[in-house]
Amino acid sequence: MSEHPATVIPAHTLTDIAEVNATGLTPVVFIHGLWLLPSSWDRWADVFRAAGYAPITPGWPDDPETVAEANAHPEVFADKTVGQVADHYAEVIGKLDKQPAVVGHSFGGLLAQIVAGRGLSAATVAIDAAPFRGVLPLPISALRSAAPVLTNPANRHKAVPLTYDQFRYAFANAVSEEEAHELYETYCVPAPGAPLFQAATANLNPWTEVKVDTENPYRGPMMIISGEKDHTVPRSISDATYKQQLKNPGITEFAEIPGRGHALTIDSGWLEVAQTSLAFVERHTER
């Protein structure tokens, strides 16, 4: 049983759930990671909708509607933990009439694997996913990307914004300076510090919330996607995640997207990643 009180699902998400259920189509739940909002998936939702799915982009608990609102009220992000957010998405999925496919990026990729490990996903795509307990590599670039949060223990209970230079290194290292600025202004919002501290200590804490049931036979098919030039979740982390997921009796696939950094879901090459994800979902679900 969860230790977390049930979160309040916002009215607009309940409306989205009702609309998805009314279609009778297979839902696809998109889960964003730190420093982004659900709107980062808008173009992906259009692609999956055109392919005959019913996309839904629920936020983390208390997510603001817009980037401007998020930057004006960063405090709403504070103190969100991995377990709390995973339970929130499990609650949303529980209100869907059909078992969904789940697509997540970064910490959203970790959350996608957590809900899949609970047997809640028909097919899962985890893109540049944050590591969980048992994933051991700690590359220097990953530590540098997390440094804006982890260098100050007080950040565990705060919402932490990224400067442009920090965003450029952690997300937008594989795009032009002009595009990096555009991505920063369009998408970047403050993020809770707690999940990064939880991930950083997951292998030291037997009771961590940052754990995935990789062996559940009801996990369903899963694809791990890695951006070749990702600083935040380098290939070594994605490889270690894939090896953990290979313990599952279900289908487990791996794909690397050449020349791409952590912003691969939102930058100018997003469509390639979306189509790779869609092709996997199409192979393993009904519409």
# chains A, B, ... in the order shown; residues from 1 in each chain; ligands from 1
$ residues_around --residues "Val233 in chain A" --least-positions-apart "2" --cutoff "12 Å" --atoms "only C-alpha atoms" --output "PyMOL selection string"
chain A and resi 105-107+109-110+126-132+135+137-146+169-171+224-231+235-241+260-264
$ select_by_dssp --residues "range 16-250 of chain A" --states "strand (DSSP E or B)" --output "compact mmCIF listing (two decimals) with all heavy atoms, in the first residue's frame"
# COMPACT_ATOMS: atom_id res chain seq x y z
N PRO A 27 -5.66 4.51 -24.80
CA PRO A 27 -5.03 5.74 -24.35
C PRO A 27 -3.50 5.65 -24.40
O PRO A 27 -2.93 4.55 -24.31
CB PRO A 27 -5.49 5.88 -22.89
CG PRO A 27 -6.54 4.83 -22.68
CD PRO A 27 -6.26 3.76 -23.68
N VAL A 28 -2.86 6.78 -24.52
CA VAL A 28 -1.42 6.89 -24.35
C VAL A 28 -1.18 8.00 -23.33
O VAL A 28 -1.55 9.16 -23.56
CB VAL A 28 -0.68 7.21 -25.66
CG1 VAL A 28 0.83 7.28 -25.41
CG2 VAL A 28 -0.98 6.16 -26.72
N VAL A 29 -0.58 7.62 -22.20
CA VAL A 29 -0.30 8.57 -21.12
C VAL A 29 1.13 9.06 -21.27
O VAL A 29 2.07 8.26 -21.30
CB VAL A 29 -0.49 7.90 -19.74
CG1 VAL A 29 -0.09 8.86 -18.62
CG2 VAL A 29 -1.93 7.43 -19.56
N PHE A 30 1.30 10.37 -21.36
CA PHE A 30 2.62 10.98 -21.47
C PHE A 30 3.02 11.58 -20.13
O PHE A 30 2.25 12.33 -19.52
CB PHE A 30 2.63 12.07 -22.55
CG PHE A 30 2.46 11.55 -23.94
CD1 PHE A 30 1.20 11.48 -24.52
CD2 PHE A 30 3.54 11.10 -24.66
CE1 PHE A 30 1.03 10.98 -25.81
CE2 PHE A 30 3.40 10.60 -25.95
CZ PHE A 30 2.13 10.54 -26.53
N ILE A 31 4.24 11.26 -19.67
CA ILE A 31 4.71 11.72 -18.36
C ILE A 31 5.98 12.54 -18.56
O ILE A 31 7.00 12.04 -19.05
CB ILE A 31 5.00 10.53 -17.43
CG1 ILE A 31 3.79 9.59 -17.34
CG2 ILE A 31 5.38 11.04 -16.04
CD1 ILE A 31 4.01 8.38 -16.44
N ALA A 54 -5.64 7.66 -28.21
CA ALA A 54 -6.24 8.74 -27.42
C ALA A 54 -5.21 9.24 -26.42
O ALA A 54 -5.06 8.69 -25.33
CB ALA A 54 -7.49 8.23 -26.70
N PRO A 55 -4.44 10.28 -26.77
CA PRO A 55 -3.37 10.75 -25.89
C PRO A 55 -3.91 11.56 -24.72
O PRO A 55 -4.95 12.23 -24.82
CB PRO A 55 -2.53 11.64 -26.82
CG PRO A 55 -3.50 12.13 -27.85
CD PRO A 55 -4.49 11.02 -28.05
N ILE A 56 -3.19 11.51 -23.61
CA ILE A 56 -3.51 12.31 -22.44
C ILE A 56 -2.20 12.71 -21.77
O ILE A 56 -1.28 11.89 -21.67
CB ILE A 56 -4.46 11.57 -21.47
CG1 ILE A 56 -4.83 12.46 -20.28
CG2 ILE A 56 -3.90 10.23 -21.04
CD1 ILE A 56 -5.97 11.90 -19.43
N ALA A 101 -0.91 2.71 -23.14
CA ALA A 101 0.53 2.77 -23.32
C ALA A 101 1.02 3.97 -22.51
O ALA A 101 0.28 4.93 -22.28
CB ALA A 101 0.89 2.95 -24.79
N VAL A 102 2.27 3.92 -22.06
CA VAL A 102 2.83 4.99 -21.25
C VAL A 102 4.17 5.41 -21.85
O VAL A 102 5.03 4.55 -22.11
CB VAL A 102 3.02 4.56 -19.78
CG1 VAL A 102 3.60 5.69 -18.95
CG2 VAL A 102 1.68 4.12 -19.17
N VAL A 103 4.33 6.70 -22.08
CA VAL A 103 5.57 7.26 -22.63
C VAL A 103 6.08 8.31 -21.67
O VAL A 103 5.35 9.23 -21.30
CB VAL A 103 5.32 7.90 -24.02
CG1 VAL A 103 6.61 8.49 -24.57
CG2 VAL A 103 4.74 6.87 -24.99
N GLY A 104 7.35 8.18 -21.23
CA GLY A 104 7.90 9.13 -20.29
C GLY A 104 9.31 9.55 -20.66
O GLY A 104 10.06 8.78 -21.27
N HIS A 105 9.67 10.77 -20.27
CA HIS A 105 10.99 11.32 -20.56
C HIS A 105 11.68 11.72 -19.26
O HIS A 105 11.06 12.35 -18.39
CB HIS A 105 10.86 12.55 -21.47
CG HIS A 105 12.11 13.37 -21.60
ND1 HIS A 105 12.22 14.65 -21.06
CD2 HIS A 105 13.30 13.11 -22.18
CE1 HIS A 105 13.43 15.13 -21.32
NE2 HIS A 105 14.11 14.21 -22.00
N ALA A 123 2.09 -1.00 -22.89
CA ALA A 123 3.41 -0.91 -23.52
C ALA A 123 4.03 0.38 -23.02
O ALA A 123 3.33 1.37 -22.80
CB ALA A 123 3.31 -0.89 -25.04
N THR A 124 5.34 0.38 -22.85
CA THR A 124 6.01 1.50 -22.20
C THR A 124 7.22 1.94 -23.01
O THR A 124 8.00 1.11 -23.48
CB THR A 124 6.48 1.10 -20.78
OG1 THR A 124 5.37 0.60 -20.05
CG2 THR A 124 7.08 2.28 -20.04
N VAL A 125 7.39 3.25 -23.15
CA VAL A 125 8.59 3.83 -23.75
C VAL A 125 9.22 4.77 -22.72
O VAL A 125 8.57 5.72 -22.27
CB VAL A 125 8.27 4.60 -25.05
CG1 VAL A 125 9.55 5.17 -25.65
CG2 VAL A 125 7.56 3.69 -26.06
N ALA A 126 10.45 4.48 -22.34
CA ALA A 126 11.18 5.29 -21.36
C ALA A 126 12.34 5.97 -22.07
O ALA A 126 13.27 5.29 -22.53
CB ALA A 126 11.67 4.43 -20.21
N ILE A 127 12.29 7.29 -22.17
CA ILE A 127 13.23 8.07 -22.98
C ILE A 127 14.21 8.79 -22.07
O ILE A 127 13.80 9.60 -21.23
CB ILE A 127 12.47 9.09 -23.85
CG1 ILE A 127 11.42 8.38 -24.73
CG2 ILE A 127 13.45 9.89 -24.71
CD1 ILE A 127 10.38 9.32 -25.30
N ALA A 159 11.86 24.30 -4.80
CA ALA A 159 11.80 24.23 -6.26
C ALA A 159 13.00 24.99 -6.80
O ALA A 159 13.31 26.09 -6.34
CB ALA A 159 10.51 24.87 -6.77
N VAL A 160 13.70 24.38 -7.75
CA VAL A 160 14.98 24.91 -8.22
C VAL A 160 14.89 25.23 -9.71
O VAL A 160 14.62 24.34 -10.52
CB VAL A 160 16.11 23.89 -7.97
CG1 VAL A 160 17.46 24.48 -8.40
CG2 VAL A 160 16.15 23.46 -6.51
N ALA A 191 11.84 23.12 -10.87
CA ALA A 191 11.55 21.70 -10.61
C ALA A 191 11.79 21.39 -9.14
O ALA A 191 12.64 22.01 -8.50
CB ALA A 191 12.43 20.82 -11.49
N PRO A 192 11.07 20.40 -8.60
CA PRO A 192 11.33 20.00 -7.22
C PRO A 192 12.72 19.38 -7.07
O PRO A 192 13.15 18.61 -7.93
CB PRO A 192 10.23 18.96 -6.94
CG PRO A 192 9.86 18.43 -8.28
CD PRO A 192 10.03 19.58 -9.23
N MET A 222 8.48 -3.14 -23.37
CA MET A 222 9.12 -1.87 -23.00
C MET A 222 10.26 -1.55 -23.96
O MET A 222 11.02 -2.43 -24.35
CB MET A 222 9.66 -1.94 -21.56
CG MET A 222 10.37 -0.66 -21.10
SD MET A 222 10.88 -0.72 -19.38
CE MET A 222 9.30 -0.63 -18.54
N MET A 223 10.36 -0.28 -24.31
CA MET A 223 11.50 0.23 -25.08
C MET A 223 12.23 1.28 -24.27
O MET A 223 11.61 2.20 -23.70
CB MET A 223 11.05 0.82 -26.41
CG MET A 223 12.18 1.54 -27.16
SD MET A 223 11.71 2.14 -28.81
CE MET A 223 12.10 0.67 -29.78
N ILE A 224 13.54 1.16 -24.19
CA ILE A 224 14.41 2.18 -23.59
C ILE A 224 15.05 2.96 -24.74
O ILE A 224 15.67 2.37 -25.62
CB ILE A 224 15.51 1.53 -22.73
CG1 ILE A 224 14.92 0.57 -21.69
CG2 ILE A 224 16.38 2.60 -22.08
CD1 ILE A 224 14.06 1.22 -20.65
N ILE A 225 14.88 4.28 -24.72
CA ILE A 225 15.47 5.14 -25.75
C ILE A 225 16.54 6.01 -25.12
O ILE A 225 16.33 6.60 -24.06
CB ILE A 225 14.40 6.01 -26.43
CG1 ILE A 225 13.42 5.13 -27.23
CG2 ILE A 225 15.04 7.06 -27.34
CD1 ILE A 225 12.34 5.91 -27.95
N SER A 226 17.69 6.11 -25.80
CA SER A 226 18.81 6.90 -25.31
C SER A 226 19.24 7.91 -26.37
O SER A 226 19.42 7.55 -27.54
CB SER A 226 19.98 5.97 -24.97
OG SER A 226 21.14 6.71 -24.62
N GLY A 227 19.41 9.16 -25.96
CA GLY A 227 20.00 10.15 -26.85
C GLY A 227 21.52 10.05 -26.80
O GLY A 227 22.11 10.08 -25.72
$ residues_around --residues "range 33-40 of chain A" --least-positions-apart "4" --cutoff "8 Å" --atoms "only C-alpha atoms" --output "PyMOL selection string"
chain A and resi 57-59+63-67+104-109+161-162+187-192+265-266
$ write_last_selection --atoms "N, CA and C atoms" --output "mmCIF file, in the first residue's frame"
data_model
loop_
_atom_site.group_PDB
_atom_site.id
_atom_site.type_symbol
_atom_site.label_atom_id
_atom_site.label_comp_id
_atom_site.auth_asym_id
_atom_site.auth_seq_id
_atom_site.Cartn_x
_atom_site.Cartn_y
_atom_site.Cartn_z
ATOM 1 N N THR A 57 -2.093 13.975 -21.360
ATOM 2 C CA THR A 57 -0.844 14.512 -20.820
ATOM 3 C C THR A 57 -1.065 15.064 -19.416
ATOM 4 N N PRO A 58 -1.358 14.203 -18.454
ATOM 5 C CA PRO A 58 -1.573 14.704 -17.092
ATOM 6 C C PRO A 58 -0.274 15.215 -16.482
ATOM 7 N N GLY A 59 -0.377 16.235 -15.662
ATOM 8 C CA GLY A 59 0.808 16.788 -15.023
ATOM 9 C C GLY A 59 1.163 16.073 -13.739
ATOM 10 N N ASP A 63 0.926 20.909 -10.932
ATOM 11 C CA ASP A 63 1.566 21.557 -12.073
ATOM 12 C C ASP A 63 0.759 22.775 -12.526
ATOM 13 N N PRO A 64 1.409 23.926 -12.718
ATOM 14 C CA PRO A 64 0.711 25.075 -13.314
ATOM 15 C C PRO A 64 0.371 24.784 -14.783
ATOM 16 N N GLU A 65 -0.526 25.599 -15.309
ATOM 17 C CA GLU A 65 -0.970 25.407 -16.691
ATOM 18 C C GLU A 65 0.074 25.881 -17.704
ATOM 19 N N THR A 66 0.811 26.962 -17.365
ATOM 20 C CA THR A 66 1.693 27.585 -18.342
ATOM 21 C C THR A 66 3.089 27.800 -17.752
ATOM 22 N N VAL A 67 4.057 27.983 -18.643
ATOM 23 C CA VAL A 67 5.423 28.267 -18.231
ATOM 24 C C VAL A 67 5.485 29.587 -17.471
ATOM 25 N N GLY A 104 7.346 8.177 -21.226
ATOM 26 C CA GLY A 104 7.904 9.133 -20.289
ATOM 27 C C GLY A 104 9.310 9.551 -20.660
ATOM 28 N N HIS A 105 9.667 10.773 -20.270
ATOM 29 C CA HIS A 105 10.995 11.324 -20.562
ATOM 30 C C HIS A 105 11.677 11.724 -19.260
ATOM 31 N N SER A 106 12.947 11.378 -19.095
ATOM 32 C CA SER A 106 13.758 11.768 -17.954
ATOM 33 C C SER A 106 13.162 11.189 -16.667
ATOM 34 N N PHE A 107 12.808 12.015 -15.671
ATOM 35 C CA PHE A 107 12.131 11.448 -14.511
ATOM 36 C C PHE A 107 10.765 10.885 -14.896
ATOM 37 N N GLY A 108 10.192 11.393 -15.971
ATOM 38 C CA GLY A 108 8.975 10.780 -16.501
ATOM 39 C C GLY A 108 9.228 9.383 -17.035
ATOM 40 N N GLY A 109 10.433 9.151 -17.561
ATOM 41 C CA GLY A 109 10.802 7.805 -17.998
ATOM 42 C C GLY A 109 10.949 6.851 -16.829
ATOM 43 N N PRO A 161 15.098 26.488 -10.100
ATOM 44 C CA PRO A 161 15.147 26.819 -11.522
ATOM 45 C C PRO A 161 16.540 26.549 -12.091
ATOM 46 N N LEU A 162 16.625 26.455 -13.395
ATOM 47 C CA LEU A 162 17.915 26.369 -14.073
ATOM 48 C C LEU A 162 18.229 27.709 -14.727
ATOM 49 N N TYR A 187 10.097 26.314 -22.753
ATOM 50 C CA TYR A 187 9.742 25.119 -21.992
ATOM 51 C C TYR A 187 10.230 25.074 -20.553
ATOM 52 N N CYS A 188 11.332 25.745 -20.213
ATOM 53 C CA CYS A 188 11.995 25.478 -18.933
ATOM 54 C C CYS A 188 11.271 26.139 -17.763
ATOM 55 N N VAL A 189 10.991 25.337 -16.731
ATOM 56 C CA VAL A 189 10.328 25.822 -15.512
ATOM 57 C C VAL A 189 11.097 25.294 -14.301
ATOM 58 N N PRO A 190 10.872 25.836 -13.105
ATOM 59 C CA PRO A 190 11.498 25.271 -11.903
ATOM 60 C C PRO A 190 11.051 23.832 -11.670
ATOM 61 N N ALA A 191 11.837 23.121 -10.868
ATOM 62 C CA ALA A 191 11.546 21.704 -10.609
ATOM 63 C C ALA A 191 11.794 21.389 -9.142
ATOM 64 N N PRO A 192 11.074 20.403 -8.598
ATOM 65 C CA PRO A 192 11.330 19.999 -7.215
ATOM 66 C C PRO A 192 12.717 19.381 -7.069
ATOM 67 N N THR A 265 13.069 15.279 -26.812
ATOM 68 C CA THR A 265 11.611 15.222 -26.953
ATOM 69 C C THR A 265 10.996 16.560 -27.329
ATOM 70 N N ILE A 266 11.778 17.649 -27.201
ATOM 71 C CA ILE A 266 11.227 18.990 -27.458
ATOM 72 C C ILE A 266 12.000 19.769 -28.520
#
$ closest_residue --among "A:Tyr184, A:Phe167, A:Arg219, A:Pro195" --to "Leu150 in chain A" --atoms "only C-alpha atoms"
A:Pro195
$ select_by_dssp --residues "range 36-270 of chain A" --states "helix (DSSP H, G or I)" --output "PyMOL selection string"
chain A and resi 38-50+67-72+74-77+82-94+107-117+140-150+153-157+164-170+177-187+194-200+202-204+235-245+270
$ closest_residue --among "A:Thr15, A:Ser268, A:Thr23, A:Thr208" --to "Val175 in chain A" --atoms "only C-alpha atoms"
A:Ser268
$ closest_residue --among "A:Tyr164, A:Thr26, A:Glu91, A:Trp44" --to "Glu272 in chain A" --atoms "only C-alpha atoms"
A:Trp44
$ atom_distance --atom1 "CA of Glu253 in chain A" --atom2 "CA of Pro221 in chain A"
8.2 Å
$ decode --residues "range 82-160 of chain A" --atoms "C-alpha atoms" --output "tab-separated table (two decimals), in the first residue's frame"
chain	number	residue	atom	x	y	z
A	82	VAL	CA	9.01	10.16	-6.75
A	83	GLY	CA	6.63	7.96	-4.76
A	84	GLN	CA	3.98	10.66	-4.51
A	85	VAL	CA	4.12	11.41	-8.23
A	86	ALA	CA	4.10	7.71	-9.18
A	87	ASP	CA	0.99	7.16	-7.06
A	88	HIS	CA	-0.63	10.19	-8.73
A	89	TYR	CA	-0.09	8.73	-12.21
A	90	ALA	CA	-1.29	5.32	-11.03
A	91	GLU	CA	-4.49	7.01	-9.83
A	92	VAL	CA	-4.97	8.74	-13.19
A	93	ILE	CA	-4.38	5.47	-15.07
A	94	GLY	CA	-6.86	3.74	-12.76
A	95	LYS	CA	-9.62	6.02	-14.07
A	96	LEU	CA	-9.02	5.04	-17.70
A	97	ASP	CA	-11.35	2.41	-19.16
A	98	LYS	CA	-8.55	0.78	-21.17
A	99	GLN	CA	-5.02	-0.04	-20.11
A	100	PRO	CA	-2.84	2.65	-21.70
A	101	ALA	CA	0.53	2.77	-23.32
A	102	VAL	CA	2.83	4.99	-21.25
A	103	VAL	CA	5.57	7.26	-22.63
A	104	GLY	CA	7.90	9.13	-20.29
A	105	HIS	CA	10.99	11.32	-20.56
A	106	SER	CA	13.76	11.77	-17.95
A	107	PHE	CA	12.13	11.45	-14.51
A	108	GLY	CA	8.98	10.78	-16.50
A	109	GLY	CA	10.80	7.81	-18.00
A	110	LEU	CA	11.53	6.56	-14.50
A	111	LEU	CA	7.88	7.07	-13.51
A	112	ALA	CA	6.76	5.22	-16.65
A	113	GLN	CA	8.87	2.24	-15.59
A	114	ILE	CA	7.47	2.38	-12.04
A	115	VAL	CA	3.85	2.23	-13.25
A	116	ALA	CA	4.75	-0.49	-15.77
A	117	GLY	CA	6.31	-2.45	-12.90
A	118	ARG	CA	2.94	-2.20	-11.16
A	119	GLY	CA	1.31	-3.87	-14.17
A	120	LEU	CA	-0.53	-0.72	-15.25
A	121	SER	CA	0.87	-0.25	-18.77
A	122	ALA	CA	0.08	-2.05	-22.02
A	123	ALA	CA	3.41	-0.91	-23.52
A	124	THR	CA	6.01	1.50	-22.20
A	125	VAL	CA	8.59	3.83	-23.75
A	126	ALA	CA	11.18	5.29	-21.36
A	127	ILE	CA	13.23	8.07	-22.98
A	128	ASP	CA	16.53	9.13	-21.38
A	129	ALA	CA	15.08	7.82	-18.12
A	130	ALA	CA	16.40	8.85	-14.72
A	131	PRO	CA	18.08	5.94	-12.90
A	132	PHE	CA	16.48	3.75	-10.24
A	133	ARG	CA	17.88	1.51	-7.50
A	134	GLY	CA	20.17	-1.07	-9.11
A	135	VAL	CA	21.31	1.25	-11.93
A	136	LEU	CA	24.88	1.92	-10.85
A	137	PRO	CA	26.76	4.20	-13.28
A	138	LEU	CA	27.31	7.79	-12.11
A	139	PRO	CA	28.95	9.56	-15.06
A	140	ILE	CA	30.57	12.94	-14.47
A	141	SER	CA	28.23	14.65	-16.95
A	142	ALA	CA	25.17	13.35	-15.06
A	143	LEU	CA	26.57	14.67	-11.77
A	144	ARG	CA	27.34	18.04	-13.37
A	145	SER	CA	23.80	18.21	-14.81
A	146	ALA	CA	22.31	17.56	-11.36
A	147	ALA	CA	24.72	19.89	-9.56
A	148	PRO	CA	22.38	22.94	-9.58
A	149	VAL	CA	20.20	20.94	-7.17
A	150	LEU	CA	22.52	18.53	-5.36
A	151	THR	CA	25.21	21.06	-4.33
A	152	ASN	CA	22.84	22.57	-1.73
A	153	PRO	CA	21.10	20.15	0.69
A	154	ALA	CA	18.41	22.77	1.36
A	155	ASN	CA	17.24	22.30	-2.23
A	156	ARG	CA	15.64	18.97	-1.23
A	157	HIS	CA	12.61	20.92	0.00
A	158	LYS	CA	12.67	23.66	-2.64
A	159	ALA	CA	11.80	24.23	-6.26
A	160	VAL	CA	14.98	24.91	-8.22
